[in-house]
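Structure first, then comments.
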Amino acid sequence: ELLGRVEARVVVGRCIPYGEAITYWPLQEIASQVGDLGPALLSAPDAELIAIRIEAALGRTETPVSPEEIAWGVRRLLETLASSGPLIVVFDDIHWAEPTFLDLIEYVAAFARDVPLFILCTARPDLFELRPTWTAPKPNATLHTLQALSADDSASLVEQLGHLPEESRMRIVDRAEGNPLFVEQLVAMQAESGDGELEVPPTLQALLASRIDRLAEHERAVAQRGSVEGRLFHRGAVAALLPEPERLAVGTHLMSLVRKDLIRPDRATLPGDDGFRFGHILIRDAAYEAIPKRQRAMLHEQFADWLEERLGEDAPDEVVGYHLEQAYRYGAELGSLDPQVGSRAAERLAAAARAATARQDVAAAANLLGRAVELARDGAARALLYVRLGEALKDADELGPSQDALERGVALAHEVGDEHAEWLGRVWLTVVQALQDPEGAAERMLEEGKAAVAAREAAADHEVLAVAWGRVAAGHSWRGDTGEYLRAHERALSHARQADSQALEVSLMAMRAPDFIWGPGRVDEGLRYAEEITERLGHIPGVRQFALHLRAHMQARLGEFDGALEAMSEYRSGQRELGKEREYAVTAGCVWDVCSWSGDLEHGETALREAYELFERSGNNVALLEVAIGLGQAVVRQGRLDETERLCQVGDELSTTDDVANEAQLAALRAKIRVARGDLAGAEEAAQRAVELATGIDYPESTADAWLTLATVHRARGDAEAERAAALEALRLYETKGNLVGAGWARSFLEGTDANVGAQ
């Protein structure tokens with residue numbers, strides 16, 4: 001009713017009730033209405049970036065993007081369309097939407113601004129069981145609940161729909177109980193029965209089933225074939241599912257169903273075809289339920305075959321896989337299991353899962369893989385699917401189910417002799433175990449990673465080798481063995497490229513950052529690395545953001561504070577604009593890193609406190625530990641010793657015995673507290689421990705900070721020779737790193753002036 005009254009551009013995207021994990025199906029419809037993205041985005045300054053993210057959501061490119069980046073692309077697309085005139089975006093039946101798509105709607109509604117854009121969503125009330133917060137009042141949203149029609153309105157509707165005897169009108173009003181669909185269908189049934197007495201079925205479902213049953217045989221067959229595709233269906237699909245002699249009359253029967261208000265013409269989603277839509281999902285369900293199960297199995301398989309033939313490589317894996325899955329399951333119920341159909345379904349769902357993984361839609365990937373593993377009949381195929389499922393569940397932070405899937409995959413792979421799946425599963429299993437129990441995790445990852453390399457190197461199994469070397473690199477990084485870490489990381493990257501896995505390469509690429517930020521990687525080399533990855537993978541939005549972040553850290557160490565803070569602010573605002581609140585909070589540590597070198601302590605502390613509160617509420621202890629240490633560094637440099645002491649206690653509670661890097665920083669903090677309080681013996685002991693720990697893990701800046709702290713202790717004790725030796729060692733470390741700011745601090749200390757000691 002609204003769309004018929006307003007003068008505005010309208011685009012519609014419908015969620016469908018079958019084929020779970022078809023996350024971006026509504027976006028497919030909207031894109032088809034928008035047409036070529038090039039002209040549509042002509043006025044947008046960030047047109048290329050918008051197009052990349054939309055194309056990734058539609059499966060037209062393998063460029064890795066995240067759900068947040070896709071949501072940003074959708075928002076910018078809609079803002080661009082609305083900038084030239086009012087735009088209404090309809091998301092229909094969102095109670096069937098995937099969680100990721102509900103997140104997208106919420107993000108667009110919250111962040112879209114400065115354009116005449118109206119988002120209209122329709123849903124059944126059970127949506128609010130999934131999103132109870134959507135019932136809360138919002139300044140930019142209205143929730144409108146449709147109530148049952150009053151008796152007077154029901155009577156008025158009956159009068160508009162048909163001329164019926166008074167007794168029939170009253171019976172319809174009474175039995176419909178305010179349900180307009182019940183009213184419409186009862187009036188239609190009365191019209192079909194002529195002047196005879198109206199028999200009113202007890203329920204709406206029974207009424208719809210009765211209407212379907214009363215259809216002529218050929219009309220019923222057409223309605224049933226349409227219901228196999230779904231509420232929205234195509235003339236071509238109906239014809240393909242009918243016996244050859246009946247295909248010529250399909251158009252006639254479709255128009256007859258239109259006249260009977262069971263279906264209506266609608267926008268086709270397949271080019272060159274005619275689209276139709278059941279008047280209500282319950283009408284579709286009634287038509288579908290009238291099909292015997294054996295025939296359903298046959299029709300679902302036929303529809304999958306038709307869709308593959310009709311669209312070729314463009315046939316959506318999720319949809320084809322769903323229909324083959326239904327064919328297989330109905331066959332299984334009837335005792336006529338067809339392993340070939342199950343295998344085809346599993347292959348299609350696994351292919352859809354790969355696409356979901358590439359766009360980081362982990363919920364969809366886990367859903368698709370969970371269904372695929374149940375359908376696959378071949379042992380080797382099932383083993384690898386279990387491993388992939390374990391990976392997806394790991395990414396979704398469902399660690400218990402992830403471990404279970406990986407253990408099943410490893411056991412089955414060993415049983416059937418699939419070494420690729422077995423070793424891939426074993427390596428990922430160490431990661432999941434480490435996330436649940438960090439104690440001793442570095443040793444476990446090193447051991448299993450090296451074993452996987454030894455087992456699969458001769459076979460040139462590049463995927464396993466990339467993942468295994470990545471775990472070896474992580475283990476060395478955790479222990480602070482920088483040289484070994486770099487060698488392992490380079491091998492991991494090489495194998496990822498040989499495996500032609502861009503997603504794996506991107507994930508490994510980000511592992512290099514700690515070497516440049518905290519490790520011995522030189523600052524100038526870090527800047528070159530940022531340029532190189534931008535040149536190689538700059539078409540991937542996430543890579544560009546990562547390079548921006550790395551560049552900010554490096555610029556801060558060169559004293560280019562304005563540029564560093566500007567780059568970091570742009571990086572962080574990008575995280576927040578994407579709705580990545582957790583990632584935004586994590587980057588508070590990055591802000592502190594920049595501010596620690598520039599001396600802007602208040603700015604850095606503000607960012608850290610915001611993150612501290614979030615991680616304390618969420619229970620993310622790993623992130624909380626990093627933030628607590630950063631806060632300790634910020635407040636000790638402002639002379640707030642009691643607060644620093646409390647933060648050190650938090651650090652002690654959260655750290656593990658093999659977390660040497662954080663232990664070194666906590667020791668340095670305690671040394672600073674004690675020297676400030678005049679406890680020189682305790683300060684020297686803590687500073688010496690900080691030096692020993694930091695030196696062992698090859699973190700030059702932390703080590704330099706520990707040496708400068710020790711130099712401060714020696715100065716307080718009056719030991720000029722030890723003071724100078726410690727400060728010279730700090731200077732050497734900073735200069736080797738290429739950290740101009742830190743080197744300047746060390747020189748100032750050596751010259752006897754007040755140095756800004758305590759960078760880390």
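Quick note on naming: the chains in the structure tokens go A, B, ... in the order shown, residues restart at 1 in each chain, and ligands are numbered from 1 in order of appearance.
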
- Item | Per-residue DSSP, region 215-455 of chain A, filtered to strand (DSSP E), as JSON, numbers by chain | {"A": [232, 233, 234, 263, 264, 265, 266, 275, 276, 277, 278]}

- Task: With a distance cut-off of 10 Å and only C-alpha atoms, select the neighbouring residues of region 665-673 of chain A, excluding the residue or stretch itself and same-chain residues fewer than 3 positions from it, and output the selection as an MDAnalysis selection string.
- Result: chainID A and resid 628:630 632:633 636:637 639:642 644:645 647:649 651:652 655 660:662 676:691 693:694 702:703 705:710 712:713 757:758 760

- Message: Ranking A:Lys450, A:Ile697, A:Ala499, A:Val594 by minimum distance to Gly519 (chain A) and counting only C-alpha atoms, which one comes first?
- Response: A:Ile697

- Query: Skipping near chain neighbours, those fewer than 2 positions away, what residues fall within 9 Å of region 181-188 of chain A using only C-alpha atoms, listed as a PyMOL selection string?
  - Reply: chain A and resi 154+157-158+161-162+164+168-169+172-173+175-179+190-193+198+200+203-204+207-208+211+260-262+280

Please report as JSON lines every residue of region 485-590 of chain A lying within 7 Å of region 726-744 of chain A, along with the nearest atom pair and their distance in Å (one decimal), using only C-alpha atoms.
{"residue": "A:Pro520", "atom": "CA", "partner": "A:Lys737", "partner_atom": "CA", "distance": 6.0}
{"residue": "A:Gly521", "atom": "CA", "partner": "A:Lys737", "partner_atom": "CA", "distance": 6.6}
{"residue": "A:Arg522", "atom": "CA", "partner": "A:Lys737", "partner_atom": "CA", "distance": 4.7}
{"residue": "A:Val523", "atom": "CA", "partner": "A:Gly738", "partner_atom": "CA", "distance": 5.3}
{"residue": "A:Asp524", "atom": "CA", "partner": "A:Gly738", "partner_atom": "CA", "distance": 6.9}
{"residue": "A:Arg557", "atom": "CA", "partner": "A:Asn739", "partner_atom": "CA", "distance": 5.0}
{"residue": "A:Leu558", "atom": "CA", "partner": "A:Leu740", "partner_atom": "CA", "distance": 5.1}
{"residue": "A:Gly559", "atom": "CA", "partner": "A:Val741", "partner_atom": "CA", "distance": 5.8}
